[in-house]
$ cat data.json   # JSON, C-alpha atoms
[["chain", "number", "residue", "atom", "x", "y", "z"],
["C", 1, "MET", "CA", 5.72, -15.32, 19.13],
["C", 2, "LEU", "CA", 4.95, -17.55, 16.21],
["C", 3, "ASN", "CA", 7.95, -18.48, 14.11],
["C", 4, "LEU", "CA", 7.30, -18.47, 10.39],
["C", 5, "GLN", "CA", 9.42, -19.97, 7.71],
["C", 6, "GLU", "CA", 11.25, -17.36, 5.71],
["C", 7, "VAL", "CA", 9.73, -16.93, 2.26],
["C", 8, "ASP", "CA", 12.05, -16.74, -0.73],
["C", 9, "TRP", "CA", 10.36, -13.78, -2.40],
["C", 10, "SER", "CA", 12.70, -14.05, -5.38],
["C", 11, "SER", "CA", 11.03, -17.35, -6.30],
["C", 12, "LEU", "CA", 7.58, -15.73, -6.54],
["C", 13, "PRO", "CA", 6.25, -13.47, -9.30],
["C", 14, "GLU", "CA", 6.39, -9.81, -8.31],
["C", 15, "PRO", "CA", 3.21, -7.83, -8.97],
["C", 16, "GLY", "CA", 3.49, -4.89, -11.33],
["C", 17, "ASP", "CA", 1.79, -1.54, -10.89],
["C", 18, "ASP", "CA", -1.26, -1.82, -13.11],
["C", 19, "GLY", "CA", -2.54, 1.60, -12.01],
["C", 20, "ALA", "CA", -5.68, 0.03, -10.53],
["C", 21, "ALA", "CA", -5.22, 1.83, -7.19],
["C", 22, "ASN", "CA", -4.04, 5.25, -8.39],
["C", 23, "HIS", "CA", -7.47, 6.79, -7.74],
["C", 24, "LEU", "CA", -7.15, 6.03, -4.01],
["C", 25, "SER", "CA", -4.53, 8.71, -3.27],
["C", 26, "GLY", "CA", -6.25, 11.56, -1.44],
["C", 27, "THR", "CA", -9.54, 9.67, -1.17],
["C", 28, "VAL", "CA", -11.68, 10.13, 1.92],
["C", 29, "MET", "CA", -12.92, 6.82, 3.26],
["C", 30, "PRO", "CA", -16.66, 6.35, 2.88],
["C", 31, "ASN", "CA", -18.96, 5.77, 5.84],
["C", 32, "VAL", "CA", -18.79, 2.01, 5.47],
["C", 33, "GLU", "CA", -19.14, -0.13, 8.56],
["C", 34, "LEU", "CA", -17.22, -3.42, 8.73],
["C", 35, "LEU", "CA", -17.35, -6.09, 11.39],
["C", 36, "SER", "CA", -14.08, -6.68, 13.22],
["C", 37, "THR", "CA", -12.68, -9.81, 14.78],
["C", 38, "ASP", "CA", -13.21, -7.99, 18.12],
["C", 39, "ASN", "CA", -16.95, -8.18, 17.33],
["C", 40, "GLU", "CA", -17.05, -4.39, 16.96],
["C", 41, "ILE", "CA", -18.38, -2.35, 14.06],
["C", 42, "VAL", "CA", -15.71, -0.06, 12.58],
["C", 43, "ASN", "CA", -16.83, 2.89, 10.47],
["C", 44, "LEU", "CA", -13.87, 3.72, 8.23],
["C", 45, "GLY", "CA", -15.31, 7.15, 7.45],
["C", 46, "LYS", "CA", -15.08, 8.13, 11.11],
["C", 47, "LEU", "CA", -11.47, 7.18, 11.86],
["C", 48, "GLU", "CA", -9.62, 9.92, 13.74],
["C", 49, "GLY", "CA", -5.91, 10.60, 13.72],
["C", 50, "TRP", "CA", -3.48, 8.36, 11.86],
["C", 51, "SER", "CA", -4.57, 4.87, 10.84],
["C", 52, "VAL", "CA", -3.10, 2.08, 8.72],
["C", 53, "LEU", "CA", -5.31, -0.18, 6.62],
["C", 54, "PHE", "CA", -3.60, -3.10, 4.95],
["C", 55, "PHE", "CA", -5.69, -4.98, 2.43],
["C", 56, "TYR", "CA", -4.71, -8.56, 1.64],
["C", 57, "PRO", "CA", -6.12, -11.38, -0.51],
["C", 58, "MET", "CA", -6.58, -14.13, 2.08],
["C", 59, "THR", "CA", -4.85, -15.89, 4.93],
["C", 60, "GLY", "CA", -4.46, -19.61, 4.69],
["C", 61, "GLN", "CA", -5.33, -22.05, 7.43],
["C", 62, "PRO", "CA", -3.13, -24.91, 8.66],
["C", 63, "GLY", "CA", -4.10, -28.18, 7.01],
["C", 64, "THR", "CA", -6.11, -26.49, 4.27],
["C", 65, "PRO", "CA", -4.38, -26.22, 0.90],
["C", 66, "LEU", "CA", -4.25, -22.86, -0.82],
["C", 67, "PRO", "CA", -6.05, -22.62, -4.17],
["C", 68, "ASP", "CA", -4.32, -24.31, -7.11],
["C", 69, "GLY", "CA", -1.73, -22.03, -8.69],
["C", 70, "TRP", "CA", -1.71, -19.62, -5.73],
["C", 71, "ASP", "CA", 2.05, -19.08, -5.82],
["C", 72, "GLU", "CA", 1.91, -18.23, -9.53],
["C", 73, "ILE", "CA", -0.48, -15.29, -8.99],
["C", 74, "PRO", "CA", 1.68, -12.15, -8.68],
["C", 75, "GLY", "CA", 1.32, -10.73, -5.18],
["C", 76, "ALA", "CA", -1.03, -13.41, -3.84],
["C", 77, "ARG", "CA", 1.44, -15.09, -1.49],
["C", 78, "GLY", "CA", 2.45, -13.36, 1.74],
["C", 79, "CYS", "CA", -0.65, -12.51, 3.77],
["C", 80, "THR", "CA", 0.58, -14.23, 6.93],
["C", 81, "PRO", "CA", 4.11, -12.73, 6.74],
["C", 82, "GLN", "CA", 2.60, -9.27, 6.18],
["C", 83, "ALA", "CA", 0.18, -9.58, 9.11],
["C", 84, "CYS", "CA", 2.96, -10.88, 11.37],
["C", 85, "ALA", "CA", 5.27, -8.04, 10.35],
["C", 86, "PHE", "CA", 2.55, -5.54, 11.30],
["C", 87, "ARG", "CA", 2.12, -7.46, 14.56],
["C", 88, "ASP", "CA", 5.84, -7.19, 15.28],
["C", 89, "LEU", "CA", 5.98, -3.45, 14.52],
["C", 90, "VAL", "CA", 2.63, -2.32, 15.93],
["C", 91, "LYS", "CA", 4.24, -0.75, 19.02],
["C", 92, "GLU", "CA", 6.60, 1.25, 16.82],
["C", 93, "LEU", "CA", 3.67, 2.37, 14.65],
["C", 94, "THR", "CA", 1.79, 3.43, 17.80],
["C", 95, "SER", "CA", 4.83, 5.36, 19.01],
["C", 96, "LYS", "CA", 4.78, 7.24, 15.68],
["C", 97, "GLY", "CA", 1.20, 8.41, 16.29],
["C", 98, "VAL", "CA", -0.80, 5.64, 14.61],
["C", 99, "ARG", "CA", -4.04, 5.14, 16.53],
["C", 100, "ALA", "CA", -5.36, 2.10, 14.65],
["C", 101, "VAL", "CA", -4.09, -0.72, 12.45],
["C", 102, "TYR", "CA", -6.59, -2.89, 10.59],
["C", 103, "GLY", "CA", -6.11, -5.75, 8.18],
["C", 104, "ILE", "CA", -8.95, -6.07, 5.66],
["C", 105, "SER", "CA", -9.92, -8.95, 3.38],
["C", 106, "THR", "CA", -13.02, -10.39, 1.77],
["C", 107, "GLN", "CA", -12.87, -13.41, 4.07],
["C", 108, "THR", "CA", -15.63, -13.81, 6.66],
["C", 109, "THR", "CA", -15.11, -12.63, 10.21],
["C", 110, "ALA", "CA", -15.35, -16.24, 11.44],
["C", 111, "TYR", "CA", -12.49, -17.19, 9.12],
["C", 112, "GLN", "CA", -10.45, -14.17, 10.21],
["C", 113, "VAL", "CA", -10.88, -14.90, 13.94],
["C", 114, "GLU", "CA", -8.84, -18.09, 13.48],
["C", 115, "ALA", "CA", -5.98, -16.10, 11.94],
["C", 116, "VAL", "CA", -6.01, -13.46, 14.71],
["C", 117, "LYS", "CA", -5.75, -16.17, 17.37],
["C", 118, "ARG", "CA", -3.19, -18.33, 15.57],
["C", 119, "LEU", "CA", -0.95, -15.40, 14.64],
["C", 120, "HIS", "CA", -1.40, -13.56, 17.98],
["C", 121, "LEU", "CA", -2.39, -10.33, 16.22],
["C", 122, "PRO", "CA", -2.76, -7.36, 18.59],
["C", 123, "PHE", "CA", -5.07, -5.59, 16.14],
["C", 124, "PRO", "CA", -8.38, -6.65, 14.61],
["C", 125, "LEU", "CA", -9.05, -7.82, 11.09],
["C", 126, "LEU", "CA", -12.07, -6.41, 9.25],
["C", 127, "SER", "CA", -14.29, -8.38, 6.90],
["C", 128, "ASP", "CA", -15.55, -7.00, 3.61],
["C", 129, "SER", "CA", -17.14, -10.30, 2.67],
["C", 130, "ASP", "CA", -20.12, -8.48, 1.11],
["C", 131, "LEU", "CA", -17.69, -6.41, -1.02],
["C", 132, "ILE", "CA", -19.33, -3.14, 0.05],
["C", 133, "LEU", "CA", -16.07, -1.29, 0.68],
["C", 134, "THR", "CA", -14.36, -3.03, -2.23],
["C", 135, "LYS", "CA", -17.02, -1.75, -4.63],
["C", 136, "ARG", "CA", -17.32, 1.75, -3.09],
["C", 137, "LEU", "CA", -13.56, 2.31, -3.34],
["C", 138, "GLN", "CA", -13.19, 0.37, -6.58],
["C", 139, "LEU", "CA", -10.38, -1.62, -5.02],
["C", 140, "PRO", "CA", -8.26, -3.73, -7.34],
["C", 141, "THR", "CA", -9.36, -7.37, -7.14],
["C", 142, "PHE", "CA", -8.77, -10.74, -8.71],
["C", 143, "ARG", "CA", -10.79, -13.96, -8.83],
["C", 144, "VAL", "CA", -9.76, -17.39, -7.65],
["C", 145, "LYS", "CA", -12.41, -20.05, -8.06],
["C", 146, "ASP", "CA", -15.61, -18.49, -6.71],
["C", 147, "MET", "CA", -13.81, -15.92, -4.54],
["C", 148, "VAL", "CA", -13.26, -12.22, -5.22],
["C", 149, "LEU", "CA", -10.04, -11.24, -3.46],
["C", 150, "ILE", "CA", -8.49, -7.81, -2.91],
["C", 151, "LYS", "CA", -5.04, -7.22, -4.36],
["C", 152, "ARG", "CA", -2.54, -6.36, -1.66],
["C", 153, "LEU", "CA", -2.37, -2.63, -0.89],
["C", 154, "THR", "CA", -1.88, -0.43, 2.16],
["C", 155, "LEU", "CA", -3.43, 2.94, 2.94],
["C", 156, "VAL", "CA", -2.08, 5.35, 5.55],
["C", 157, "LEU", "CA", -4.91, 7.63, 6.64],
["C", 158, "LYS", "CA", -5.18, 10.88, 8.57],
["C", 159, "ASN", "CA", -8.76, 11.43, 9.76],
["C", 160, "SER", "CA", -10.04, 8.95, 7.15],
["C", 161, "GLU", "CA", -8.20, 10.63, 4.24],
["C", 162, "VAL", "CA", -5.61, 8.62, 2.31],
["C", 163, "LYS", "CA", -2.26, 10.34, 2.80],
["C", 164, "ARG", "CA", -0.12, 7.52, 1.39],
["C", 165, "LEU", "CA", -0.88, 4.59, -0.88],
["C", 166, "PHE", "CA", 1.37, 1.54, -1.09],
["C", 167, "TYR", "CA", 0.56, -0.44, -4.24],
["C", 168, "PRO", "CA", 1.72, -2.89, -5.30],
["C", 169, "VAL", "CA", 3.11, -4.21, -2.03],
["C", 170, "PHE", "CA", 6.08, -6.53, -2.48],
["C", 171, "PRO", "CA", 7.61, -8.14, -0.57],
["C", 172, "PRO", "CA", 4.68, -8.08, 1.86],
["C", 173, "ASP", "CA", 6.72, -8.58, 5.01],
["C", 174, "GLN", "CA", 8.59, -5.31, 4.33],
["C", 175, "ASN", "CA", 5.38, -3.25, 4.09],
["C", 176, "PRO", "CA", 5.18, -2.22, 7.79],
["C", 177, "ALA", "CA", 8.79, -0.98, 7.69],
["C", 178, "ASP", "CA", 7.92, 1.04, 4.56],
["C", 179, "VAL", "CA", 4.95, 2.56, 6.41],
["C", 180, "ILE", "CA", 7.26, 3.53, 9.29],
["C", 181, "LYS", "CA", 9.69, 5.16, 6.82],
["C", 182, "PHE", "CA", 6.79, 7.17, 5.41],
["C", 183, "LEU", "CA", 5.70, 8.25, 8.88],
["C", 184, "ASP", "CA", 9.27, 9.25, 9.75],
["C", 185, "SER", "CA", 9.69, 11.23, 6.53],
["C", 186, "SER", "CA", 6.35, 13.00, 7.01],
["C", 187, "HIS", "CA", 7.23, 14.33, 10.48],
["C", 188, "ILE", "CA", 3.69, 13.54, 11.52],
["C", 189, "GLU", "CA", 2.12, 14.59, 14.76],
["C", 190, "SER", "CA", -0.50, 12.50, 16.48]]

$ encode --input "data.json" --output "structure tokens"
Amino acid sequence: MLNLQEVDWSSLPEPGDDGAANHLSGTVMPNVELLSTDNEIVNLGKLEGWSVLFFYPMTGQPGTPLPDGWDEIPGARGCTPQACAFRDLVKELTSKGVRAVYGISTQTTAYQVEAVKRLHLPFPLLSDSDLILTKRLQLPTFRVKDMVLIKRLTLVLKNSEVKRLFYPVFPPDQNPADVIKFLDSSHIES
């Protein structure tokens, strides 16, 4: 698997809980269809069983600099470590009854395909580049240049209903382990 440099999270600003995602607890996902990097349409309102949706601002690409001041934006850094941590724990999540894991950003599917291949992700990424889901759920966002990006958050769903919200998520690479702890403490059944 891909080896990533360890990130010194203590050197980055930690995001605070601004309450911008509180309304998501208990929400039922709307019938919004998003294109996946598997070239499939995923309707989030029709998910069955347990699912994990992790929303992230954007993945970088090798050789392309991140936006100016990226590391100073609380919670912006860490998309690749978070995705790779989900990659590394996806079998454990599956063994706990999770049927689907999706990463979601406002990046285009074409952009996301590069990340799936480079990071060897065993799950698809979903594109909300038209901000349909972002607006319907009133997801917390921030702007960088001309981009609207989703603040990092994770939803654990049962039959498309949010059973657990993780927001803010920091450090991002610990998020999958926190999801597993939730699943263990919930004594879920698939």

$ closest_residue --input "data.json" --among "C:Gln138, C:Asn175, C:Asn39, C:Thr59" --to "Ser105 (chain C)" --atoms "only C-alpha atoms"
C:Thr59

$ closest_residue --input "data.json" --among "C:Phe54, C:Ser160, C:Ala76, C:Pro81" --to "Glu6 (chain C)" --atoms "all atoms listed in the file"
C:Pro81

$ atom_distance --input "data.json" --atom1 "CA of Thr106 (chain C)" --atom2 "CA of Thr141 (chain C)"
10.1 Å

$ atom_distance --input "data.json" --atom1 "CA of Ser11 (chain C)" --atom2 "CA of Pro140 (chain C)"
23.6 Å

$ closest_residue --input "data.json" --among "C:Leu47, C:Ala21, C:Val7, C:Leu93" --to "Ala177 (chain C)" --atoms "all atoms listed in the file"
C:Leu93

$ closest_atom_pairs --input "data.json" --of "region 139-170 of chain C" --to "region 65-70 of chain C" --cutoff "12 Å" --atoms "only C-alpha atoms" --output "tab-separated table"
residue	atom	partner	partner_atom	distance
C:Phe142	CA	C:Trp70	CA	11.7
C:Arg143	CA	C:Pro67	CA	10.9
C:Val144	CA	C:Pro67	CA	7.3
C:Lys145	CA	C:Pro67	CA	7.9
C:Asp146	CA	C:Pro67	CA	10.7
C:Met147	CA	C:Pro67	CA	10.3

$ closest_residue --input "data.json" --among "C:Leu34, C:Leu131, C:Val52, C:Cys79" --to "Pro171 (chain C)" --atoms "all atoms listed in the file"
C:Cys79

$ closest_residue --input "data.json" --among "C:Ala20, C:Leu149, C:Val42, C:Leu53" --to "Glu161 (chain C)" --atoms "all atoms listed in the file"
C:Leu53

$ closest_residue --input "data.json" --among "C:Phe182, C:Tyr56, C:Phe123, C:Trp9" --to "Leu157 (chain C)" --atoms "only C-alpha atoms"
C:Phe182

$ residues_around --input "data.json" --residues "Ile41 (chain C)" --least-positions-apart "4" --cutoff "12 Å" --atoms "all atoms listed in the file" --output "VMD selection string"
chain C and resid 31 to 37 45 to 47 109 124 to 128

$ residues_near_point --input "data.json" --point "(-7.1, 2.1, 2.2)" --cutoff "12 Å" --atoms "all atoms listed in the file" --output "ChimeraX atom specification"
/C:21-30,44-45,47,51-56,101-105,133-134,136-140,150-158,160-167

$ atom_distance --input "data.json" --atom1 "CA of Lys181 (chain C)" --atom2 "CA of Gly49 (chain C)"
17.9 Å

$ residues_near_point --input "data.json" --point "(-0.3, -10.9, 17.6)" --cutoff "10 Å" --atoms "only C-alpha atoms" --output "VMD selection string"
chain C and resid 1 to 2 83 to 88 90 115 to 124
